[in-house]
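File shown: model-v4.cif (mmCIF, C-alpha atoms).
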data_coords
loop_
_atom_site.label_atom_id
_atom_site.label_comp_id
_atom_site.auth_asym_id
_atom_site.auth_seq_id
_atom_site.Cartn_x
_atom_site.Cartn_y
_atom_site.Cartn_z
CA MET A 1 10.92 -38.61 9.08
CA THR A 2 9.55 -37.18 5.89
CA MET A 3 6.85 -38.07 3.46
CA GLU A 4 5.41 -36.76 0.25
CA PRO A 5 2.81 -34.07 0.83
CA GLU A 6 -0.67 -34.92 -0.29
CA ASN A 7 -3.39 -32.52 -1.13
CA LEU A 8 -6.11 -32.07 1.39
CA SER A 9 -9.45 -33.50 0.42
CA VAL A 10 -11.83 -30.67 -0.37
CA PRO A 11 -15.57 -31.35 -0.28
CA VAL A 12 -17.21 -31.09 -3.69
CA GLU A 13 -20.17 -29.32 -2.17
CA VAL A 14 -20.63 -27.45 1.05
CA SER A 15 -22.98 -29.27 3.42
CA ASP A 16 -25.88 -27.46 5.03
CA LEU A 17 -24.10 -27.62 8.35
CA ASP A 18 -20.91 -26.10 6.94
CA ASP A 19 -22.87 -23.49 5.03
CA GLN A 20 -24.64 -22.43 8.21
CA ALA A 21 -21.42 -22.44 10.22
CA ALA A 22 -19.63 -20.43 7.54
CA SER A 23 -22.42 -17.85 7.47
CA ILE A 24 -22.21 -17.49 11.24
CA VAL A 25 -18.43 -17.11 11.22
CA GLU A 26 -18.66 -14.58 8.40
CA GLY A 27 -21.19 -12.63 10.43
CA LEU A 28 -23.88 -13.04 7.80
CA THR A 29 -26.23 -14.83 10.19
CA SER A 30 -26.36 -15.22 13.92
CA LEU A 31 -26.26 -18.34 15.98
CA PRO A 32 -29.76 -19.85 16.46
CA ALA A 33 -31.33 -19.64 19.89
CA SER A 34 -30.90 -23.35 20.46
CA PRO A 35 -28.02 -24.49 18.31
CA SER A 36 -27.20 -28.14 18.00
CA ALA A 37 -24.00 -29.44 19.52
CA GLU A 38 -22.88 -30.33 16.02
CA LEU A 39 -23.33 -26.78 14.78
CA LEU A 40 -21.60 -25.33 17.83
CA ALA A 41 -18.63 -27.61 17.32
CA ARG A 42 -18.40 -26.72 13.65
CA VAL A 43 -18.62 -22.99 14.34
CA LYS A 44 -15.87 -23.36 16.89
CA GLU A 45 -13.64 -25.12 14.36
CA PHE A 46 -14.30 -22.52 11.69
CA HIS A 47 -13.58 -19.77 14.19
CA GLN A 48 -10.35 -21.46 15.17
CA VAL A 49 -9.18 -21.66 11.57
CA ARG A 50 -10.14 -18.10 10.83
CA ALA A 51 -8.61 -16.71 14.02
CA HIS A 52 -5.31 -18.35 13.24
CA LEU A 53 -5.20 -17.33 9.60
CA SER A 54 -6.15 -13.76 10.39
CA THR A 55 -3.16 -13.32 12.69
CA ALA A 56 -0.94 -10.67 11.15
CA LEU A 57 2.48 -11.92 10.14
CA VAL A 58 5.43 -9.66 10.81
CA PHE A 59 8.56 -10.10 8.79
CA PRO A 60 11.12 -11.74 11.05
CA ASP A 61 14.30 -9.84 10.22
CA ALA A 62 14.76 -6.10 9.76
CA LEU A 63 18.11 -6.43 7.99
CA LEU A 64 16.72 -8.96 5.59
CA ARG A 65 13.80 -6.68 4.95
CA ASP A 66 16.18 -3.84 4.02
CA ALA A 67 18.09 -6.14 1.73
CA GLN A 68 14.93 -7.34 0.00
CA LEU A 69 13.74 -3.79 -0.51
CA ALA A 70 17.11 -2.71 -1.87
CA VAL A 71 17.03 -5.50 -4.42
CA ALA A 72 13.49 -4.64 -5.43
CA VAL A 73 14.22 -0.94 -5.81
CA SER A 74 17.35 -1.59 -7.81
CA SER A 75 15.42 -4.00 -10.02
CA ALA A 76 13.36 -1.10 -11.23
CA GLY A 77 16.58 -0.37 -13.14
CA ASP A 78 16.28 2.34 -15.72
CA GLN A 79 12.92 3.33 -14.37
CA VAL A 80 14.59 4.67 -11.25
CA VAL A 81 15.70 8.19 -12.03
CA VAL A 82 16.59 11.22 -9.99
CA SER A 83 14.25 12.13 -7.17
CA LEU A 84 11.54 14.68 -7.59
CA ARG A 85 13.45 17.39 -5.81
CA LYS A 86 16.14 17.16 -8.46
CA ARG A 87 13.61 17.58 -11.21
CA ARG A 88 12.59 21.07 -10.28
CA GLY A 89 14.52 22.81 -12.97
CA PRO A 90 13.61 23.06 -16.64
CA SER A 91 14.34 19.77 -18.33
CA SER A 92 14.22 20.97 -21.90
CA VAL A 93 14.51 24.00 -24.10
CA VAL A 94 10.75 23.90 -24.57
CA ALA A 95 10.18 23.89 -20.83
CA VAL A 96 12.54 26.82 -20.41
CA GLY A 97 10.63 28.65 -23.10
CA ILE A 98 7.27 27.97 -21.48
CA ALA A 99 8.53 29.02 -18.08
CA ALA A 100 10.13 32.16 -19.45
CA ALA A 101 6.97 33.05 -21.34
CA ALA A 102 4.87 32.52 -18.23
CA ALA A 103 7.23 34.66 -16.22
CA LEU A 104 7.27 37.46 -18.77
CA LEU A 105 3.49 37.36 -18.97
CA LEU A 106 3.31 37.59 -15.23
CA VAL A 107 5.71 40.49 -15.16
CA ALA A 108 3.59 42.27 -17.72
CA VAL A 109 0.41 41.61 -15.77
CA SER A 110 1.97 42.63 -12.52
CA LEU A 111 3.36 45.86 -13.92
CA THR A 112 -0.05 46.69 -15.34
CA SER A 113 -1.96 45.84 -12.21
CA GLY A 114 0.60 47.15 -9.80
CA ILE A 115 0.45 44.04 -7.65
CA PHE A 116 4.19 43.50 -7.71
CA GLU A 117 5.35 47.07 -7.62
CA SER A 118 7.75 46.40 -4.82
CA ASP A 119 10.16 44.36 -6.95
CA PRO A 120 9.10 43.11 -10.33
CA GLU A 121 12.55 41.67 -11.02
CA GLY A 122 11.97 39.21 -8.26
CA VAL A 123 9.14 37.69 -10.25
CA ALA A 124 11.41 36.54 -13.00
CA SER A 125 13.99 35.24 -10.62
CA VAL A 126 11.36 33.08 -8.95
CA ALA A 127 9.44 32.01 -12.02
CA LEU A 128 12.20 31.11 -14.44
CA PRO A 129 13.39 27.90 -12.86
CA SER A 130 9.90 26.43 -12.82
CA PRO A 131 9.24 24.14 -15.76
CA THR A 132 5.48 24.22 -16.09
CA THR A 133 2.62 26.61 -16.34
CA TYR A 134 2.00 26.11 -12.64
CA ALA A 135 4.78 28.61 -12.26
CA ALA A 136 2.35 31.45 -12.72
CA THR A 137 0.16 30.44 -9.81
CA GLU A 138 3.16 29.63 -7.71
CA VAL A 139 4.63 33.07 -8.21
CA MET A 140 1.33 34.71 -7.47
CA LYS A 141 1.19 32.91 -4.15
CA THR A 142 4.76 33.65 -3.30
CA GLN A 143 4.52 37.25 -4.23
CA ALA A 144 1.25 37.71 -2.46
CA THR A 145 2.92 36.51 0.70
CA PHE A 146 5.98 38.68 0.47
CA ALA A 147 4.79 41.83 -1.22
CA ASP A 148 5.82 43.76 1.87
CA GLY A 149 9.30 44.47 0.62
CA ALA A 150 11.13 41.27 1.46
CA ASP A 151 14.46 40.58 -0.21
CA PHE A 152 13.89 38.98 -3.63
CA SER A 153 17.47 38.83 -4.77
CA ASP A 154 18.45 35.65 -6.58
CA ASN A 155 20.09 34.03 -3.59
CA ALA A 156 17.64 35.07 -0.95
CA PRO A 157 15.28 32.51 0.52
CA ILE A 158 11.69 33.31 -0.38
CA VAL A 159 10.38 32.12 2.96
CA PRO A 160 10.90 34.36 5.97
CA GLU A 161 12.90 32.95 8.83
CA SER A 162 9.84 32.78 11.04
CA LEU A 163 8.19 30.30 8.72
CA ALA A 164 11.22 28.22 7.96
CA LEU A 165 10.98 24.67 9.16
CA GLU A 166 14.39 23.82 10.41
CA ARG A 167 14.62 20.22 9.29
CA SER A 168 11.71 20.16 6.90
CA VAL A 169 12.76 23.00 4.70
CA ASP A 170 15.96 23.37 2.81
CA LEU A 171 16.90 25.31 -0.25
CA VAL A 172 17.36 23.86 -3.69
CA ASP A 173 18.43 26.36 -6.31
CA GLY A 174 17.15 29.15 -4.10
CA PHE A 175 13.78 27.51 -3.50
CA PRO A 176 12.51 26.31 -0.14
CA PHE A 177 11.93 22.59 -0.24
CA LEU A 178 9.30 21.16 2.06
CA GLU A 179 9.95 17.60 3.13
CA LEU A 180 6.37 16.48 2.81
CA HIS A 181 6.93 13.24 4.69
CA ASN A 182 7.15 15.35 7.83
CA PHE A 183 3.50 16.31 7.31
CA GLU A 184 2.35 12.79 6.52
CA GLU A 185 1.32 11.81 10.04
CA ALA A 186 -0.72 14.94 10.63
CA ALA A 187 -2.33 14.57 7.22
CA THR A 188 -3.27 10.97 7.93
CA GLU A 189 -4.83 11.95 11.25
CA ARG A 190 -6.77 14.65 9.45
CA PHE A 191 -7.82 12.08 6.83
CA PHE A 192 -9.44 9.89 9.45
CA ALA A 193 -11.02 12.87 11.21
CA ARG A 194 -12.59 13.93 7.93
CA HIS A 195 -13.80 10.40 7.32
CA GLU A 196 -15.56 10.34 10.68
CA THR A 197 -17.32 13.62 10.04
CA ALA A 198 -17.85 12.90 6.34
CA ALA A 199 -16.36 16.31 5.57
CA LEU A 200 -16.48 17.28 1.90
CA SER A 201 -15.19 20.84 2.06
CA HIS A 202 -12.96 22.15 -0.71
CA GLU A 203 -10.57 25.03 -0.31
CA ASP A 204 -8.96 27.00 -3.08
CA SER A 205 -5.92 25.33 -4.55
CA PRO A 206 -2.68 27.30 -4.25
CA CYS A 207 -1.65 25.72 -7.54
CA GLY A 208 -4.74 26.41 -9.60
CA PHE A 209 -5.57 22.74 -9.99
CA SER A 210 -9.03 22.09 -11.39
CA LEU A 211 -11.08 19.29 -9.83
CA ALA A 212 -10.28 17.14 -12.85
CA LYS A 213 -6.57 17.77 -12.33
CA GLN A 214 -6.92 16.98 -8.63
CA GLN A 215 -8.65 13.71 -9.51
CA GLU A 216 -5.87 12.84 -11.92
CA LEU A 217 -3.21 13.51 -9.31
CA LEU A 218 -5.04 11.78 -6.48
CA GLY A 219 -6.01 8.76 -8.53
CA GLU A 220 -9.61 9.00 -7.40
CA VAL A 221 -12.41 11.53 -7.02
CA PRO A 222 -11.36 14.04 -4.36
CA ASP A 223 -13.65 14.37 -1.34
CA GLY A 224 -12.20 17.72 -0.46
CA SER A 225 -9.12 19.70 0.25
CA GLU A 226 -7.76 21.96 2.90
CA TRP A 227 -4.70 23.68 4.25
CA LEU A 228 -2.95 21.65 6.90
CA PRO A 229 -1.04 23.66 9.47
CA VAL A 230 1.71 21.94 11.41
CA GLU A 231 3.31 23.49 14.44
CA VAL A 232 7.06 23.47 14.26
CA GLU A 233 9.85 25.11 16.14
CA GLY A 234 9.68 28.80 15.52
CA GLY A 235 6.25 28.90 13.97
CA GLN A 236 3.80 27.13 11.79
CA GLN A 237 4.09 25.62 8.33
CA GLU A 238 1.26 24.75 6.00
CA VAL A 239 0.83 22.36 3.13
CA TRP A 240 -2.21 21.91 0.96
CA VAL A 241 -3.86 18.49 1.13
CA ILE A 242 -6.36 16.83 -1.21
CA PHE A 243 -8.38 14.05 0.41
CA GLY A 244 -9.99 11.06 -1.27
CA GLN A 245 -11.56 7.90 0.02
CA HIS A 246 -8.31 5.96 -0.09
CA ASN A 247 -5.54 8.41 -0.80
CA LEU A 248 -4.43 11.82 0.23
CA LEU A 249 -2.09 14.10 -1.61
CA LEU A 250 0.16 16.62 0.08
CA ILE A 251 1.27 19.54 -2.04
CA ASP A 252 4.00 22.00 -1.31
CA PRO A 253 2.40 25.41 -1.89
CA PHE A 254 5.79 26.84 -2.79
CA ASP A 255 6.44 24.21 -5.41
CA CYS A 256 3.40 22.63 -6.97
CA LEU A 257 5.55 19.91 -8.47
CA ASN A 258 6.59 18.76 -5.02
CA MET A 259 3.85 16.32 -4.05
CA LEU A 260 3.47 13.27 -1.88
CA LEU A 261 0.70 10.77 -2.50
CA VAL A 262 -0.17 8.72 0.56
CA GLU A 263 -2.35 5.66 0.42
CA VAL A 264 -4.26 5.25 3.66
CA ILE A 265 -5.38 1.83 4.71
CA VAL A 266 -8.77 2.13 6.35
CA SER A 267 -9.37 -0.86 8.55
CA MET B 268 2.98 6.53 -4.91
CA ARG B 269 3.06 8.86 -7.88
CA ALA B 270 6.65 9.76 -7.11
CA ALA B 271 7.51 6.07 -6.98
CA GLN B 272 5.81 5.57 -10.34
CA LYS B 273 7.90 8.36 -11.76
CA GLY B 274 11.05 6.59 -10.69
CA ASN B 275 11.83 8.16 -7.34
CA ALA B 276 13.85 5.42 -5.66
CA GLU B 277 13.26 6.75 -2.16
CA ALA B 278 9.51 6.90 -2.71
CA LEU B 279 9.55 3.40 -4.15
CA ASP B 280 11.45 2.13 -1.13
CA GLN B 281 8.94 3.73 1.23
CA LEU B 282 5.97 2.42 -0.69
CA LEU B 283 7.29 -1.14 -0.70
CA ARG B 284 8.37 -0.88 2.92
CA ARG B 285 4.86 0.18 3.93
CA HIS B 286 3.37 -2.92 2.36
CA HIS B 287 6.19 -5.35 3.05
CA ASP B 288 4.49 -7.14 5.93
CA LYS B 289 1.36 -7.69 3.86
CA VAL B 290 3.41 -9.07 0.99
CA TRP B 291 5.24 -11.30 3.41
CA GLY B 292 2.01 -12.45 5.03
CA ILE B 293 0.47 -13.46 1.72
CA CYS B 294 3.57 -15.30 0.54
CA ARG B 295 4.13 -16.95 3.91
CA ARG B 296 0.59 -18.28 4.06
CA LEU B 297 0.68 -19.43 0.45
CA ALA B 298 4.13 -21.02 0.73
CA GLY B 299 3.63 -22.80 4.02
CA ASN B 300 7.22 -22.37 5.14
CA ASP B 301 9.67 -19.55 5.76
CA ALA B 302 12.31 -20.48 3.21
CA ASP B 303 9.99 -20.58 0.21
CA ALA B 304 8.10 -17.56 1.52
CA LEU B 305 11.28 -15.47 1.67
CA ASP B 306 12.07 -16.14 -1.96
CA ALA B 307 8.48 -15.64 -3.01
CA THR B 308 8.37 -12.34 -1.14
CA GLN B 309 11.50 -11.17 -2.95
CA GLU B 310 9.98 -12.07 -6.30
CA ALA B 311 6.77 -10.29 -5.39
CA LEU B 312 8.63 -7.13 -4.38
CA ILE B 313 10.55 -7.14 -7.66
CA ALA B 314 7.31 -7.61 -9.57
CA LEU B 315 5.75 -4.69 -7.74
CA ALA B 316 8.78 -2.46 -8.34
CA THR B 317 9.05 -3.21 -12.03
CA ARG B 318 5.32 -3.07 -12.79
CA LEU B 319 4.38 -0.09 -10.67
CA ASN B 320 4.33 2.23 -13.66
CA ARG B 321 1.59 0.04 -15.15
CA PHE B 322 -0.78 0.75 -12.28
CA ASP B 323 -3.38 2.99 -13.88
CA GLY B 324 -5.48 3.88 -10.85
CA LYS B 325 -8.59 2.14 -12.17
CA SER B 326 -8.67 -0.09 -9.12
CA ARG B 327 -7.62 0.50 -5.54
CA PHE B 328 -3.87 0.43 -5.18
CA THR B 329 -4.04 -2.33 -2.60
CA THR B 330 -6.18 -4.45 -4.93
CA TRP B 331 -3.52 -4.11 -7.60
CA LEU B 332 -0.78 -4.79 -5.06
CA TYR B 333 -2.46 -7.93 -3.74
CA ARG B 334 -3.05 -9.20 -7.28
CA VAL B 335 0.58 -8.72 -8.32
CA THR B 336 1.81 -10.18 -5.04
CA THR B 337 -0.44 -13.22 -5.21
CA ASN B 338 0.50 -13.99 -8.80
CA ALA B 339 4.20 -13.47 -8.19
CA CYS B 340 4.18 -15.70 -5.11
CA LEU B 341 2.27 -18.45 -6.88
CA ASP B 342 4.55 -18.22 -9.91
CA GLU B 343 7.59 -18.62 -7.70
CA LEU B 344 6.06 -21.55 -5.84
CA ARG B 345 5.10 -23.23 -9.12
CA ARG B 346 8.64 -22.75 -10.42
CA ARG B 347 9.90 -24.51 -7.32
CA ASP B 348 7.50 -27.36 -7.87
CA ARG B 349 8.85 -27.84 -11.40
CA ARG B 350 12.51 -27.83 -10.41
CA PRO B 351 14.41 -31.07 -9.87
CA LEU B 352 14.04 -31.89 -6.25
CA VAL B 353 17.05 -32.46 -4.08
CA GLY B 354 17.09 -33.91 -0.60
CA LEU B 355 14.50 -32.72 1.85
CA ASP B 356 13.30 -29.82 -0.28
CA ALA B 357 10.82 -32.14 -1.92
CA GLU B 358 9.29 -33.36 1.25
CA VAL B 359 7.25 -32.23 4.13
CA GLU B 360 8.57 -33.03 7.50
CA VAL B 361 6.35 -35.27 9.54
CA VAL B 362 5.47 -33.62 12.80
CA ASP B 363 4.35 -36.02 15.41
CA LEU B 364 2.52 -33.77 17.78
CA SER B 365 2.01 -36.53 20.26
CA ALA B 366 5.74 -37.12 20.68
CA THR B 367 6.66 -33.66 21.92
CA PRO B 368 4.75 -31.88 24.61
CA VAL B 369 3.57 -28.65 23.06
CA ASP B 370 1.02 -26.16 24.13
CA GLY B 371 -2.42 -27.03 22.76
CA LEU B 372 -2.80 -23.71 21.02
CA VAL B 373 0.58 -24.01 19.34
CA ALA B 374 -0.26 -27.53 18.26
CA ASP B 375 -3.52 -26.30 16.75
CA ARG B 376 -1.67 -23.62 14.84
CA LEU B 377 0.88 -26.05 13.52
CA LEU B 378 -1.95 -28.26 12.48
CA ILE B 379 -3.73 -25.44 10.64
CA ASP B 380 -0.49 -24.35 8.95
CA ALA B 381 0.15 -27.87 7.78
CA ALA B 382 -3.39 -28.24 6.56
CA LEU B 383 -3.24 -24.93 4.70
CA ALA B 384 -0.03 -25.94 2.96
CA ARG B 385 -1.80 -28.99 1.63
CA LEU B 386 -4.94 -27.23 0.55
CA PRO B 387 -5.13 -27.04 -3.26
CA GLU B 388 -3.87 -23.70 -4.51
CA GLU B 389 -7.14 -22.21 -5.72
CA PHE B 390 -8.77 -22.78 -2.32
CA ARG B 391 -5.70 -21.72 -0.36
CA VAL B 392 -5.48 -18.37 -2.13
CA ALA B 393 -9.15 -17.57 -1.59
CA VAL B 394 -9.05 -18.47 2.11
CA VAL B 395 -5.83 -16.51 2.70
CA LEU B 396 -7.10 -13.37 0.99
CA ARG B 397 -10.31 -13.57 3.00
CA ASP B 398 -8.92 -14.42 6.40
CA LEU B 399 -5.48 -12.82 6.42
CA LEU B 400 -6.37 -9.62 4.61
CA ASP B 401 -10.05 -9.50 5.53
CA LEU B 402 -10.99 -8.70 1.94
CA ASP B 403 -14.60 -8.97 0.85
CA TYR B 404 -15.76 -11.31 -1.88
CA ALA B 405 -15.92 -8.55 -4.49
CA GLU B 406 -12.30 -7.54 -4.00
CA ILE B 407 -11.08 -11.13 -3.96
CA SER B 408 -13.08 -11.65 -7.13
CA GLU B 409 -11.25 -8.71 -8.72
CA ILE B 410 -7.85 -9.93 -7.56
CA LEU B 411 -8.34 -13.49 -8.74
CA ASP B 412 -10.44 -12.56 -11.76
CA ILE B 413 -13.16 -15.06 -10.92
CA PRO B 414 -16.87 -14.51 -10.18
CA PRO B 415 -17.82 -13.62 -6.57
CA GLY B 416 -19.93 -16.77 -6.34
CA THR B 417 -16.87 -18.86 -7.09
CA VAL B 418 -14.95 -16.95 -4.43
CA ARG B 419 -17.61 -17.71 -1.84
CA SER B 420 -17.69 -21.36 -2.80
CA ARG B 421 -13.91 -21.75 -2.69
CA ILE B 422 -13.68 -20.07 0.70
CA ALA B 423 -16.45 -22.19 2.17
CA ARG B 424 -15.07 -25.43 0.76
CA GLY B 425 -11.50 -24.57 1.67
CA ARG B 426 -12.43 -23.64 5.20
CA ALA B 427 -14.48 -26.81 5.57
CA ALA B 428 -11.50 -28.86 4.45
CA LEU B 429 -9.27 -27.13 7.00
CA ALA B 430 -11.84 -27.59 9.74
CA ASN B 431 -12.18 -31.27 8.85
CA PHE B 432 -8.44 -31.66 9.13
CA ILE B 433 -8.14 -30.15 12.58
CA THR B 434 -11.05 -32.14 13.90
CA PRO B 435 -9.58 -34.77 16.25
CA GLY B 436 -9.16 -38.07 14.48
CA ASN B 437 -9.44 -36.67 10.97
CA GLN B 438 -5.78 -35.97 10.46
CA THR B 439 -4.49 -39.49 10.97
CA ASP B 440 -3.68 -41.69 8.05
CA SER B 441 -4.32 -45.41 7.71
CA SER B 442 -1.19 -46.24 9.69
CA GLY B 443 -2.44 -44.26 12.61
CA ARG B 444 0.23 -41.56 12.35
CA GLN B 445 -0.55 -37.97 12.17
CA ASN B 446 -0.44 -37.19 8.53
CA LEU B 447 1.59 -34.00 8.62
#

How would this structure read if it were set down as structure tokens?
Amino acid sequence: MTMEPENLSVPVEVSDLDDQAASIVEGLTSLPASPSAELLARVKEFHQVRAHLSTALVFPDALLRDAQLAVAVSSAGDQVVVSLRKRRGPSSVVAVGIAAAAALLLVAVSLTSGIFESDPEGVASVALPSPTTYAATEVMKTQATFADGADFSDNAPIVPESLALERSVDLVDGFPFLELHNFEEAATERFFARHETAALSHEDSPCGFSLAKQQELLGEVPDGSEWLPVEVEGGQQEVWVIFGQHNLLLIDPFDCLNMLLVEVIVS
Amino acid sequence: MRAAQKGNAEALDQLLRRHHDKVWGICRRLAGNDADALDATQEALIALATRLNRFDGKSRFTTWLYRVTTNACLDELRRRDRRPLVGLDAEVEVVDLSATPVDGLVADRLLIDAALARLPEEFRVAVVLRDLLDLDYAEISEILDIPPGTVRSRIARGRAALANFITPGNQTDSSGRQNL
């Protein structure tokens, strides 16, 4: 049997009893020492409604979920372009020029200061593919790590075997690529730990990001930042993490364009 | 999220996947049934995917997500209301809880679901955002773009209406049947 649905009658004003019951259920006031039976009954009903409506609803079908997500992602249409890891190279003549200029400047500085005496050619081979001015900082970091005579030929990985993360790191155009999702869980745990201790410490950015830049990337004022070490087979790998109140941002120190923004739901 | 905004399909998939249950929960509570909720959820996901690049970070991401989801679900449900109605789609099945032995708790839940589906939209949305998502008045106010005082009033009145409905004796119509 069916019938036309009718709207529920909603009271024009909230009665004193309902107002008191609502305040109690919301936790704004406590139950009086000697509550009336009427109030108790009303509080119970309000609680019952709230308890039911607050029950989390889990989507019933995993396959249907995948299908819905696929449709949604494809609907983004032209906005969906190649993934970040494919956008590591210079995308324009201007970008190539900037990167080349940065690299040449770095070579000049390094030759003058003697920092990169071991293999100045390696600087150019590392810096050229990077499209932004972050390249300079990135090279500094890389070179500082491997100034002990490691192989800087074009095809050589710039991360020593001992630091290579077997499944998290692969090489794209000769660069190591950190799969930042593999650090997400540890970063989230760290996020909550920092929240509990109200930590506000900032560590030096491997990418030379100013606080304003960090805020822009994080989408909120950063509470702090730190290196996050993760134990993996054969050693330890680190990423740099910026923490906010709601988000955290993981940054690959070997490629400052490789970032992962994680929104953390604090219950 | 930034990667998703820049068009990274994998990042977009992960972002939507992370929030899928919340989107579903909102649409399911607002729709009142699975079939409408499934379609509304799909519309909400598409709205999120296509508008993500408009999120400017001025509000919390979840606030933006809940706003887009709520509006998309309601739009879809309104579209359904305007369509020509065929067969049973236009009607609500009468559930006679006295005819079938069901657990008391289950019966109560069915009763609340039915009552929620019949609660006027503006009250339903406020109650769902408060109770399902545990949002405070300020955030609901931001999502619905109404003053916090109005939010509080709608929640209180909506909850009172639901409580009235589940009170024994209140949910029967003049013919004595349960009015579900």

Go through the shown structure with the PyMOL selection byres ((chain B) within 6 of (chain A)) and write out the matching residues as a ChimeraX atom specification. /B:268,274-276,288,292,309,312-313,316-317,324,358-361,385-386,398-399,424,428,430

So what do you get for CA of Ala187 in chain A versus CA of Arg334 in chain B, distance-wise?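 For CA of Ala187 in chain A relative to CA of Arg334 in chain B, the distance reads 27.9 Å.
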
Running the PyMOL selection byres ((chain B and resi 305) around 10) on this model by hand, what would come out? Give it as a list in words. Phe59, Leu64, Arg65 and Gln68 of chain A; Trp291, Cys294, Arg295, Ala298, Asn300, Asp301, Ala302, Asp303, Ala304, Asp306, Ala307, Thr308, Gln309, Glu310, Ala311 and Cys340 of chain B

How far is it from CA of Glu388 in chain B to CA of Lys325 in chain B, in Å with one decimal? 27.4 Å

Distance in Å - CA of Phe390 in chain B versus CA of Ile422 in chain B: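 According to the coordinates, CA of Phe390 in chain B and CA of Ile422 in chain B are separated by 6.4 Å.
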
Would you mind listing what lies within 10 Å of Trp227 in chain A as a list in words, with all atoms listed in the file counted and same-chain residues fewer than 5 positions away left out?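 The contact residues come out as Ala187, His202, Glu203, Asp204, Ser205, Pro206, Gln237, Glu238, Val239, Trp240, Val241, Ile242, Leu250, Ile251 and Pro253 of chain A.
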
Nearest-residue call for Leu248 in chain A, choices A:Ala186, A:Leu31, A:Ala37, A:Ala212, using only C-alpha atoms: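 Nearest to Leu248 in chain A: A:Ala186.
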
Distance cut-off 6 Å, centre (-2.9, -15.0, -9.3) in file coordinates, counting all atoms listed in the file: which residues qualify? Return them as a list in words.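 These residues have at least one counted atom within 6 Å: Thr337, Asn338 and Leu411 of chain B.
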
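Nearest to Phe322 in chain B of all the residues B:Ala278, B:Ile433, B:Ala271, B:Leu341 is B:Ala271, counting only C-alpha atoms.
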
Assuming the chain letters and numbering stay as they are in my file, what does the PyMOL selection byres ((chain B and resi 383) around 8) actually select? List them as JSON, numbers by chain. {"B": [296, 297, 299, 379, 380, 381, 382, 384, 385, 386, 391, 429]}

I'd like the neighbourhood of Ala393 in chain B as a tab-separated table (two decimals) with C-alpha atoms, keeping the file's coordinate frame, where a residue qualifies if any of its atoms comes within 8 Å (using only C-alpha atoms), though same-chain residues fewer than 3 positions away should be ignored.
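What ended up in part_30.tsv:
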chain	number	residue	atom	x	y	z
B	389	GLU	CA	-7.14	-22.21	-5.72
B	390	PHE	CA	-8.77	-22.78	-2.32
B	396	LEU	CA	-7.10	-13.37	0.99
B	397	ARG	CA	-10.31	-13.57	3.00
B	407	ILE	CA	-11.08	-11.13	-3.96
B	418	VAL	CA	-14.95	-16.95	-4.43
B	421	ARG	CA	-13.91	-21.75	-2.69
B	422	ILE	CA	-13.68	-20.07	0.70
